[in-house]
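Source file: entry.txt. Holds: compact mmCIF, C-alpha atoms.
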```txt
# COMPACT_ATOMS: atom_id res chain seq x y z
CA MET A 259 16.07 -0.01 -19.55
CA THR A 260 12.42 -1.02 -19.37
CA ASP A 261 10.91 -0.15 -15.98
CA VAL A 262 8.60 -3.17 -15.96
CA LEU A 263 9.41 -6.47 -17.67
CA LEU A 264 6.46 -8.50 -18.94
CA GLU A 265 6.92 -12.10 -20.05
CA THR A 266 4.70 -15.07 -20.76
CA ARG A 267 6.67 -18.01 -19.45
CA GLY A 268 4.77 -21.26 -20.00
CA PRO A 269 1.59 -21.10 -17.91
CA LEU A 270 2.69 -17.92 -16.12
CA GLY A 271 2.42 -14.25 -16.84
CA LEU A 272 5.57 -12.88 -15.20
CA VAL A 273 5.90 -9.26 -14.07
CA THR A 274 9.25 -7.90 -12.90
CA LEU A 275 9.19 -4.37 -11.48
CA ASN A 276 12.50 -3.06 -12.82
CA ARG A 277 13.42 0.28 -11.24
CA PRO A 278 15.89 -1.05 -8.65
CA LYS A 279 17.62 2.31 -8.11
CA ALA A 280 14.21 3.77 -7.19
CA LEU A 281 13.36 0.67 -5.11
CA ASN A 282 10.89 -0.25 -7.87
CA ALA A 283 8.66 2.73 -7.13
CA LEU A 284 5.62 2.64 -9.38
CA ASP A 285 5.39 5.39 -11.99
CA LEU A 286 2.69 6.16 -14.50
CA GLY A 287 4.50 4.44 -17.35
CA MET A 288 4.69 1.21 -15.35
CA ILE A 289 0.99 1.45 -14.51
CA ARG A 290 0.18 1.91 -18.18
CA ALA A 291 2.24 -1.14 -19.12
CA LEU A 292 0.81 -3.38 -16.42
CA ALA A 293 -2.90 -2.74 -16.97
CA PRO A 294 -3.18 -4.08 -20.55
CA ALA A 295 -0.84 -6.99 -19.75
CA LEU A 296 -3.13 -8.14 -16.96
CA GLU A 297 -6.15 -7.75 -19.23
CA ASP A 298 -4.43 -9.86 -21.89
CA TRP A 299 -3.37 -12.60 -19.45
CA ALA A 300 -6.85 -12.75 -17.94
CA ALA A 301 -8.30 -13.48 -21.38
CA ARG A 302 -5.76 -16.15 -22.43
CA PRO A 303 -6.69 -19.64 -21.20
CA GLU A 304 -3.12 -20.95 -21.50
CA VAL A 305 -2.00 -18.40 -18.87
CA ARG A 306 -2.97 -19.99 -15.57
CA ALA A 307 -1.49 -17.50 -13.09
CA VAL A 308 0.40 -14.23 -12.81
CA VAL A 309 3.57 -13.84 -10.74
CA VAL A 310 4.82 -10.38 -9.71
CA ARG A 311 8.28 -9.68 -8.28
CA GLY A 312 10.75 -6.82 -7.82
CA ALA A 313 14.23 -6.54 -9.33
CA GLY A 314 17.42 -5.58 -7.54
CA GLY A 315 17.19 -7.56 -4.31
CA ARG A 316 16.25 -4.67 -2.02
CA ALA A 317 12.58 -4.01 -2.62
CA PHE A 318 9.39 -5.42 -4.04
CA CYS A 319 7.99 -1.90 -4.49
CA ALA A 320 8.67 1.08 -2.24
CA GLY A 321 5.45 2.81 -3.28
CA GLY A 322 4.01 5.07 -5.93
CA ASP A 323 6.25 7.72 -7.42
CA VAL A 324 4.84 10.49 -5.24
CA ARG A 325 7.85 12.72 -5.85
CA ALA A 326 6.86 12.90 -9.53
CA VAL A 327 3.29 13.67 -8.50
CA ALA A 328 4.42 16.51 -6.23
CA THR A 329 6.53 18.01 -9.01
CA ALA A 330 3.63 17.74 -11.43
CA VAL A 331 1.26 19.45 -8.98
CA ALA A 332 3.72 22.30 -8.42
CA GLN A 333 4.20 22.79 -12.17
CA ASP A 334 0.56 22.08 -13.13
CA THR A 335 1.77 19.36 -15.50
CA ARG A 336 -0.93 17.90 -17.72
CA GLU A 337 -1.29 14.82 -19.85
CA PRO A 338 -2.02 15.06 -23.60
CA GLY A 339 -5.69 15.98 -23.69
CA GLY A 340 -5.39 18.28 -20.68
CA GLU A 341 -5.92 15.95 -17.71
CA PRO A 342 -3.77 17.00 -14.73
CA PHE A 343 -0.95 14.52 -14.15
CA ALA A 344 -1.96 13.95 -10.50
CA ARG A 345 -5.48 13.06 -11.56
CA ALA A 346 -4.27 10.66 -14.26
CA PHE A 347 -1.75 9.02 -11.93
CA PHE A 348 -4.16 8.19 -9.13
CA ARG A 349 -7.08 7.36 -11.42
CA GLU A 350 -4.98 4.86 -13.34
CA GLU A 351 -3.14 3.47 -10.30
CA TYR A 352 -6.40 2.82 -8.47
CA ALA A 353 -7.91 1.25 -11.61
CA LEU A 354 -4.90 -1.09 -11.73
CA ASN A 355 -5.40 -2.01 -8.06
CA GLN A 356 -9.06 -2.70 -8.82
CA ARG A 357 -8.12 -4.93 -11.75
CA ILE A 358 -5.82 -6.92 -9.44
CA HIS A 359 -8.52 -7.09 -6.75
CA HIS A 360 -10.93 -8.70 -9.20
CA PHE A 361 -8.37 -10.68 -11.22
CA PRO A 362 -9.94 -14.01 -12.20
CA LYS A 363 -6.76 -16.10 -11.92
CA PRO A 364 -4.15 -16.66 -9.22
CA TYR A 365 -2.09 -13.49 -8.78
CA VAL A 366 1.04 -14.35 -6.82
CA ALA A 367 3.08 -11.46 -5.39
CA LEU A 368 6.59 -12.46 -4.29
CA VAL A 369 7.18 -9.74 -1.71
CA ASP A 370 10.87 -9.66 -0.82
CA GLY A 371 12.38 -6.64 0.92
CA ILE A 372 10.71 -3.23 1.11
CA CYS A 373 7.01 -3.02 0.38
CA MET A 374 5.35 0.30 1.14
CA GLY A 375 2.39 2.33 -0.05
CA GLY A 376 1.71 1.52 -3.68
CA GLY A 377 3.56 -1.76 -3.25
CA LEU A 378 0.69 -2.95 -1.09
CA GLY A 379 -1.68 -1.95 -3.88
CA LEU A 380 0.25 -4.24 -6.24
CA SER A 381 0.26 -7.14 -3.77
CA ARG A 382 -2.53 -7.07 -1.16
CA HIS A 383 -5.29 -7.18 -3.75
CA GLY A 384 -3.96 -10.38 -5.32
CA SER A 385 -4.94 -13.89 -4.30
CA HIS A 386 -1.52 -14.97 -2.95
CA ARG A 387 1.03 -12.81 -1.08
CA VAL A 388 4.29 -14.62 -0.41
CA VAL A 389 6.66 -12.77 1.93
CA THR A 390 10.25 -13.47 2.92
CA GLU A 391 12.16 -12.84 6.13
CA ARG A 392 13.48 -9.64 4.54
CA LEU A 393 10.07 -7.98 4.35
CA VAL A 394 9.69 -4.38 5.54
CA LEU A 395 5.99 -3.51 5.26
CA ALA A 396 4.57 -0.03 5.88
CA MET A 397 1.97 2.54 4.91
CA PRO A 398 3.90 5.75 5.72
CA GLU A 399 1.65 8.29 3.99
CA THR A 400 0.69 10.40 7.02
CA GLY A 401 4.36 11.44 7.14
CA ILE A 402 4.15 13.08 3.70
CA GLY A 403 0.77 14.81 3.97
CA LEU A 404 -1.22 12.00 2.36
CA PHE A 405 -3.31 9.05 3.63
CA PRO A 406 -2.94 5.24 3.29
CA ASP A 407 -4.42 4.80 -0.17
CA VAL A 408 -4.34 2.02 -2.84
CA GLY A 409 -7.21 0.38 -0.92
CA GLY A 410 -5.73 0.96 2.53
CA GLY A 411 -9.08 2.30 3.67
CA TRP A 412 -10.49 -1.14 2.89
CA PHE A 413 -7.72 -3.56 3.94
CA LEU A 414 -6.30 -1.82 7.03
CA PRO A 415 -9.63 -2.01 8.94
CA ARG A 416 -9.71 -5.72 8.14
CA PHE A 417 -6.47 -6.42 9.96
CA PRO A 418 -6.95 -7.83 13.50
CA GLY A 419 -8.35 -5.42 16.07
CA GLU A 420 -6.93 -1.92 15.74
CA ALA A 421 -3.64 -3.02 14.18
CA GLY A 422 -4.57 -1.40 10.87
CA THR A 423 -5.46 1.86 12.60
CA TYR A 424 -2.09 1.83 14.35
CA LEU A 425 -0.14 1.08 11.18
CA GLY A 426 -2.09 3.55 9.04
CA LEU A 427 -1.71 6.46 11.45
CA THR A 428 1.89 5.92 12.59
CA GLY A 429 3.46 4.50 9.42
CA GLU A 430 5.25 1.95 11.62
CA ARG A 431 7.04 -0.90 9.87
CA ALA A 432 5.86 -4.49 10.09
CA SER A 433 7.92 -7.67 9.73
CA ALA A 434 7.20 -10.89 7.88
CA ALA A 435 5.84 -12.44 11.08
CA ASP A 436 3.60 -9.42 11.55
CA ALA A 437 2.42 -9.67 7.94
CA VAL A 438 1.36 -13.29 8.43
CA TRP A 439 -0.51 -12.45 11.63
CA LEU A 440 -2.17 -9.43 10.03
CA GLY A 441 -3.45 -11.54 7.15
CA TYR A 442 -1.51 -9.53 4.58
CA ALA A 443 0.76 -12.50 3.84
CA THR A 444 -0.74 -15.81 2.76
CA ALA A 445 2.61 -17.59 3.15
CA HIS A 446 6.18 -17.08 4.32
CA VAL A 447 8.93 -18.51 2.10
CA PRO A 448 12.66 -17.98 2.74
CA HIS A 449 14.36 -15.57 0.35
CA GLU A 450 16.71 -18.20 -1.00
CA ARG A 451 13.74 -20.38 -2.03
CA LEU A 452 11.87 -17.75 -4.06
CA GLU A 453 13.47 -18.61 -7.37
CA ALA A 454 12.70 -22.30 -6.88
CA LEU A 455 9.12 -21.41 -6.01
CA GLY A 456 8.76 -19.48 -9.25
CA GLU A 457 10.14 -22.44 -11.18
CA ALA A 458 7.74 -24.81 -9.41
CA LEU A 459 4.77 -22.64 -10.32
CA GLY A 460 5.90 -22.71 -13.94
CA ALA A 461 6.28 -26.51 -13.88
CA ALA A 462 3.05 -27.28 -11.98
CA ASP A 463 0.33 -29.50 -13.40
CA TRP A 464 -2.44 -26.93 -13.64
CA SER A 465 -5.01 -29.58 -14.57
CA GLN A 466 -5.08 -30.90 -10.99
CA GLY A 467 -7.96 -28.89 -9.55
CA SER A 468 -8.72 -25.20 -9.73
CA ALA A 469 -5.90 -22.85 -10.61
CA HIS A 470 -6.22 -21.22 -7.19
CA ASP A 471 -5.85 -24.58 -5.44
CA VAL A 472 -2.84 -25.53 -7.59
CA ALA A 473 -1.07 -22.26 -6.77
CA THR A 474 -1.84 -22.70 -3.08
CA ARG A 475 -0.49 -26.27 -3.02
CA VAL A 476 2.73 -25.30 -4.76
CA ILE A 477 3.33 -22.38 -2.40
CA GLU A 478 2.55 -24.48 0.66
CA GLY A 479 5.32 -26.84 -0.40
CA PHE A 480 7.83 -24.03 0.14
CA ALA A 481 6.26 -22.30 3.14
CA THR A 482 7.92 -22.11 6.55
CA ALA A 483 6.95 -20.54 9.87
CA ALA A 484 7.59 -16.81 10.06
CA GLY A 485 8.16 -16.64 13.82
CA GLU A 486 6.52 -14.55 16.51
CA SER A 487 4.76 -11.32 15.58
CA ALA A 488 5.70 -8.32 17.71
CA LEU A 489 2.41 -6.72 16.70
CA ARG A 490 0.47 -9.72 17.97
CA VAL A 491 2.31 -9.54 21.30
CA ARG A 492 1.32 -5.88 21.62
CA ALA A 493 -2.21 -6.32 20.25
CA ALA A 494 -4.05 -5.65 23.53
CA GLU A 495 -2.24 -2.32 24.03
CA ILE A 496 -2.83 -1.31 20.41
CA ASP A 497 -6.52 -2.16 20.69
CA ARG A 498 -6.90 -0.15 23.91
CA CYS A 499 -5.11 2.91 22.57
CA PHE A 500 -6.36 3.06 18.98
CA ALA A 501 -10.07 2.35 19.45
CA GLY A 502 -11.11 6.01 19.56
CA GLY A 503 -13.06 7.78 16.85
CA ARG A 504 -11.04 11.00 17.14
CA MET A 505 -7.30 11.60 17.18
CA GLU A 506 -7.60 13.42 20.48
CA GLU A 507 -9.07 10.27 22.07
CA ILE A 508 -6.22 8.13 20.72
CA LEU A 509 -3.58 10.52 22.06
CA ALA A 510 -5.33 10.63 25.45
CA ALA A 511 -5.44 6.83 25.58
CA LEU A 512 -1.72 6.64 24.79
CA GLU A 513 -1.00 9.15 27.53
CA ALA A 514 -3.06 7.12 29.99
CA GLU A 515 -1.26 3.93 28.94
CA GLY A 516 1.97 5.58 30.09
CA THR A 517 4.39 2.91 28.87
CA PRO A 518 7.59 3.60 26.92
CA TRP A 519 5.88 2.17 23.82
CA ALA A 520 2.89 4.47 24.30
CA GLU A 521 5.11 7.53 24.76
CA ALA A 522 7.18 6.66 21.69
CA THR A 523 3.96 6.20 19.71
CA ARG A 524 2.67 9.59 20.87
CA ALA A 525 5.93 11.13 19.73
CA THR A 526 5.62 9.45 16.33
CA LEU A 527 2.08 10.77 15.86
CA GLY A 528 3.34 14.21 16.84
CA ARG A 529 5.63 14.24 13.81
CA MET A 530 2.91 13.29 11.32
CA CYS A 531 0.82 15.72 9.31
CA PRO A 532 -2.10 16.74 11.56
CA THR A 533 -4.59 17.00 8.69
CA SER A 534 -3.49 13.62 7.35
CA LEU A 535 -4.02 12.03 10.75
CA LYS A 536 -7.59 13.25 11.01
CA VAL A 537 -8.38 12.42 7.39
CA THR A 538 -6.85 8.93 7.76
CA LEU A 539 -8.75 8.11 10.92
CA ARG A 540 -12.04 9.05 9.27
CA GLN A 541 -11.07 7.06 6.17
CA LEU A 542 -10.30 3.95 8.23
CA ARG A 543 -13.49 4.19 10.27
CA LEU A 544 -15.54 4.69 7.11
CA GLY A 545 -13.78 1.76 5.45
CA ARG A 546 -14.95 -0.71 8.08
CA ALA A 547 -18.36 -0.83 6.46
CA LEU A 548 -17.56 -0.08 2.82
CA PRO A 549 -16.79 -2.65 0.12
CA TYR A 550 -13.51 -2.20 -1.70
CA ASP A 551 -14.96 -0.72 -4.90
CA ALA A 552 -16.75 2.00 -2.93
CA MET A 553 -13.62 2.80 -0.93
CA LYS A 554 -11.65 3.13 -4.16
CA ASP A 555 -13.93 5.99 -5.17
CA VAL A 556 -13.55 7.65 -1.75
CA GLU A 557 -9.78 7.39 -1.98
CA PHE A 558 -9.72 8.97 -5.42
CA ARG A 559 -11.49 12.02 -4.01
CA LEU A 560 -9.03 12.09 -1.11
CA SER A 561 -6.08 11.82 -3.51
CA GLN A 562 -7.13 14.88 -5.44
CA HIS A 563 -7.83 17.06 -2.43
CA CYS A 564 -4.78 15.97 -0.41
CA THR A 565 -2.25 16.35 -3.23
CA ALA A 566 -3.57 19.87 -3.87
CA ARG A 567 -2.80 20.89 -0.27
CA PRO A 568 0.55 22.50 0.62
CA ASP A 569 1.21 19.76 3.20
CA PHE A 570 1.77 17.20 0.43
CA ARG A 571 4.50 19.19 -1.28
CA GLU A 572 6.03 20.04 2.10
CA GLY A 573 6.03 16.39 3.14
CA ILE A 574 7.74 15.34 -0.09
CA ARG A 575 10.31 18.12 0.38
CA ALA A 576 11.12 17.10 3.94
CA VAL A 577 11.21 13.34 3.42
CA LEU A 578 12.30 12.78 -0.18
CA VAL A 579 13.94 15.95 -1.53
CA ASP A 580 15.83 17.85 1.18
CA LYS A 581 15.54 14.87 3.55
CA ASP A 582 15.77 17.09 6.62
CA GLN A 583 12.81 15.21 8.19
CA LYS A 584 11.49 18.55 9.48
CA PRO A 585 8.22 19.25 7.69
CA ARG A 586 6.40 22.47 8.50
CA TRP A 587 2.77 21.41 8.48
CA SER A 588 -0.11 23.82 7.95
CA PRO A 589 -2.10 23.65 10.16
CA SER A 590 0.66 22.63 12.52
CA THR A 591 -1.48 21.09 15.30
CA LEU A 592 -4.44 18.75 15.51
CA ALA A 593 -6.42 21.41 17.39
CA GLU A 594 -6.24 23.66 14.33
CA VAL A 595 -7.67 21.01 11.98
CA SER A 596 -11.43 21.45 11.99
CA ASP A 597 -14.09 18.94 11.04
CA ALA A 598 -14.84 21.18 8.06
CA ASP A 599 -11.20 20.83 6.92
CA VAL A 600 -11.58 17.06 7.01
CA ASP A 601 -14.98 17.21 5.27
CA ALA A 602 -13.39 19.17 2.44
CA CYS A 603 -10.97 16.34 1.73
CA PHE A 604 -13.86 13.92 1.24
CA ALA A 605 -15.84 16.24 -1.05
CA PRO A 606 -16.69 15.05 -4.59
CA VAL A 607 -14.35 16.03 -7.40
CA SER A 608 -15.35 16.79 -10.97
CA LEU A 609 -14.27 14.22 -13.55
```

Please re-express this file's structure in structure tokens.
Amino acid sequence: MTDVLLETRGPLGLVTLNRPKALNALDLGMIRALAPALEDWAARPEVRAVVVRGAGGRAFCAGGDVRAVATAVAQDTREPGGEPFARAFFREEYALNQRIHHFPKPYVALVDGICMGGGLGLSRHGSHRVVTERLVLAMPETGIGLFPDVGGGWFLPRFPGEAGTYLGLTGERASAADAVWLGYATAHVPHERLEALGEALGAADWSQGSAHDVATRVIEGFATAAGESALRVRAAEIDRCFAGGRMEEILAALEAEGTPWAEATRATLGRMCPTSLKVTLRQLRLGRALPYDAMKDVEFRLSQHCTARPDFREGIRAVLVDKDQKPRWSPSTLAEVSDADVDACFAPVSL
């Protein structure tokens, strides 16, 4: 079975992520199939837009195949030519995200079900993100010894207030209504209307204005209200508690807040990798002022340093392999993570 299906269907380039048993997690083979297809569709004038969807009904894309990366790091697996697998994976994944970010035609992600980590890289960078009521959106990387990558350092700080800081540090899940409020989603369309939307895009008269405007008009014809965002309701608390420049300040603000939500959030942060928390907070603060292309280069450096640390393999073990949800982080507390430790994660890497 092909893990990614690529079709040219009339005026559309159609991508179907096709690893349903793995919740369409993105592996290196899929990345290597997608990149040239996008390049080809960008160059062909008869292709007016690209539509991306997930197979299986449960997920758009649950993230990058980090379990394969962890195995490759442990075994020092290399690509033909000698490049370490972990370097090739992140270099090529981030290049794919960058291609989507700068794609010259409408890129319509139909985000139905689970969308985490690398799934946001395949969707957020496109021009149109259509979500359904079944959306489960998250960047859970601090729970596996990583950081919110695939451009998270750029797009999370551009969510309202400190919502991106909150989501990036805690890995909390967001709903379709949250996604609309955050600005991740450009439209909400009911699940049962997605197939009709795809057909309408294929049947559209693409001569009526710019391709971007045509795609927007078609999608708007299917869009419905997503409802109230729980994140928006809690925005003032999130902004108060997550404004600090250091993790210690955020934890102190949560303690001072003293609500059940604040205590639960403190407990969540207490389970995350301490080094990842400090690295992520610096990444997100840095990303406020950096353009996407510059943040991509920062995140590549972070990917190489963080995947080389024992915390990454331990996080994968605890969450995805043994599934005991009891990672043994090293260092085990925020107090033990020095500024020098964080600096080391941002250091240049040789290419």

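Excluding segment 315-328 of chain A itself and same-chain residues fewer than 6 positions from it, the residues having an atom within 8 Å of it are Leu275, Pro278, Ala280, Leu281, Asn282, Ala283, Leu284, Asp285, Phe343, Ala344, Phe347, Leu368, Val369, Asp370, Gly371, Ile372, Cys373, Met374, Gly375, Gly376, Gly377, Leu378, Thr565, Phe570, Arg571, Ile574 and Leu578 of chain A, counting all atoms listed in the file.
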
For the residues selected in the previous step, produce a file with C-alpha atoms as a PDB file, in the coordinates of the input.
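Result file out37.pdb:
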```
ATOM      1  CA  LEU A 275       9.190  -4.370 -11.480  1.00  0.00           C
ATOM      2  CA  PRO A 278      15.890  -1.050  -8.650  1.00  0.00           C
ATOM      3  CA  ALA A 280      14.210   3.770  -7.190  1.00  0.00           C
ATOM      4  CA  LEU A 281      13.360   0.670  -5.110  1.00  0.00           C
ATOM      5  CA  ASN A 282      10.890  -0.250  -7.870  1.00  0.00           C
ATOM      6  CA  ALA A 283       8.660   2.730  -7.130  1.00  0.00           C
ATOM      7  CA  LEU A 284       5.620   2.640  -9.380  1.00  0.00           C
ATOM      8  CA  ASP A 285       5.390   5.390 -11.990  1.00  0.00           C
ATOM      9  CA  PHE A 343      -0.950  14.520 -14.150  1.00  0.00           C
ATOM     10  CA  ALA A 344      -1.960  13.950 -10.500  1.00  0.00           C
ATOM     11  CA  PHE A 347      -1.750   9.020 -11.930  1.00  0.00           C
ATOM     12  CA  LEU A 368       6.590 -12.460  -4.290  1.00  0.00           C
ATOM     13  CA  VAL A 369       7.180  -9.740  -1.710  1.00  0.00           C
ATOM     14  CA  ASP A 370      10.870  -9.660  -0.820  1.00  0.00           C
ATOM     15  CA  GLY A 371      12.380  -6.640   0.920  1.00  0.00           C
ATOM     16  CA  ILE A 372      10.710  -3.230   1.110  1.00  0.00           C
ATOM     17  CA  CYS A 373       7.010  -3.020   0.380  1.00  0.00           C
ATOM     18  CA  MET A 374       5.350   0.300   1.140  1.00  0.00           C
ATOM     19  CA  GLY A 375       2.390   2.330  -0.050  1.00  0.00           C
ATOM     20  CA  GLY A 376       1.710   1.520  -3.680  1.00  0.00           C
ATOM     21  CA  GLY A 377       3.560  -1.760  -3.250  1.00  0.00           C
ATOM     22  CA  LEU A 378       0.690  -2.950  -1.090  1.00  0.00           C
ATOM     23  CA  THR A 565      -2.250  16.350  -3.230  1.00  0.00           C
ATOM     24  CA  PHE A 570       1.770  17.200   0.430  1.00  0.00           C
ATOM     25  CA  ARG A 571       4.500  19.190  -1.280  1.00  0.00           C
ATOM     26  CA  ILE A 574       7.740  15.340  -0.090  1.00  0.00           C
ATOM     27  CA  LEU A 578      12.300  12.780  -0.180  1.00  0.00           C
TER      28      LEU A 578
END
```

Which residues, written as a PyMOL selection string, have at least one atom at most 12 Å from Ala473 of chain A, with only C-alpha atoms counted and residues fewer than 5 positions away on the same chain left out? chain A and resi 269-270+306-309+363-367+385-388+444-445+455-456+458-468+478-480

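The residue that comes closest to Ala488 of chain A, out of A:Ala510, A:Leu427, A:Ala421, A:Val472 and on the basis of all atoms listed in the file, is A:Ala421.
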
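The nearest approach to Leu527 of chain A among the residues A:Asp298, A:Glu351, A:Glu506, A:Glu265, with all atoms listed in the file taken into account, belongs to A:Glu506.
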
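Checking A:His383, A:Pro362, A:Arg567, A:Ala576 one by one against Ala301 of chain A, counting all atoms listed in the file, you find the shortest gap at A:Pro362.
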
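For the atom pair formed by atom CA of Arg416 of chain A and atom CA of Arg392 of chain A, the distance is 23.8 Å, given to one decimal.
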
In terms of only C-alpha atoms, the residue from A:Trp299, A:Tyr442, A:Tyr424, A:Tyr352 at minimal distance from Arg492 of chain A is A:Tyr424

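Relative to atom CA of Ser588 of chain A, atom CA of Pro568 of chain A is found at 7.5 Å.
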
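Closest approach to Arg575 of chain A from the set A:Pro418, A:Gly502, A:Pro294, A:Gly403 is made by A:Gly403, with distances taken over all atoms listed in the file.
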
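Of note, atom CA of Thr523 of chain A and atom CA of Ile508 of chain A are spaced 10.4 Å apart.
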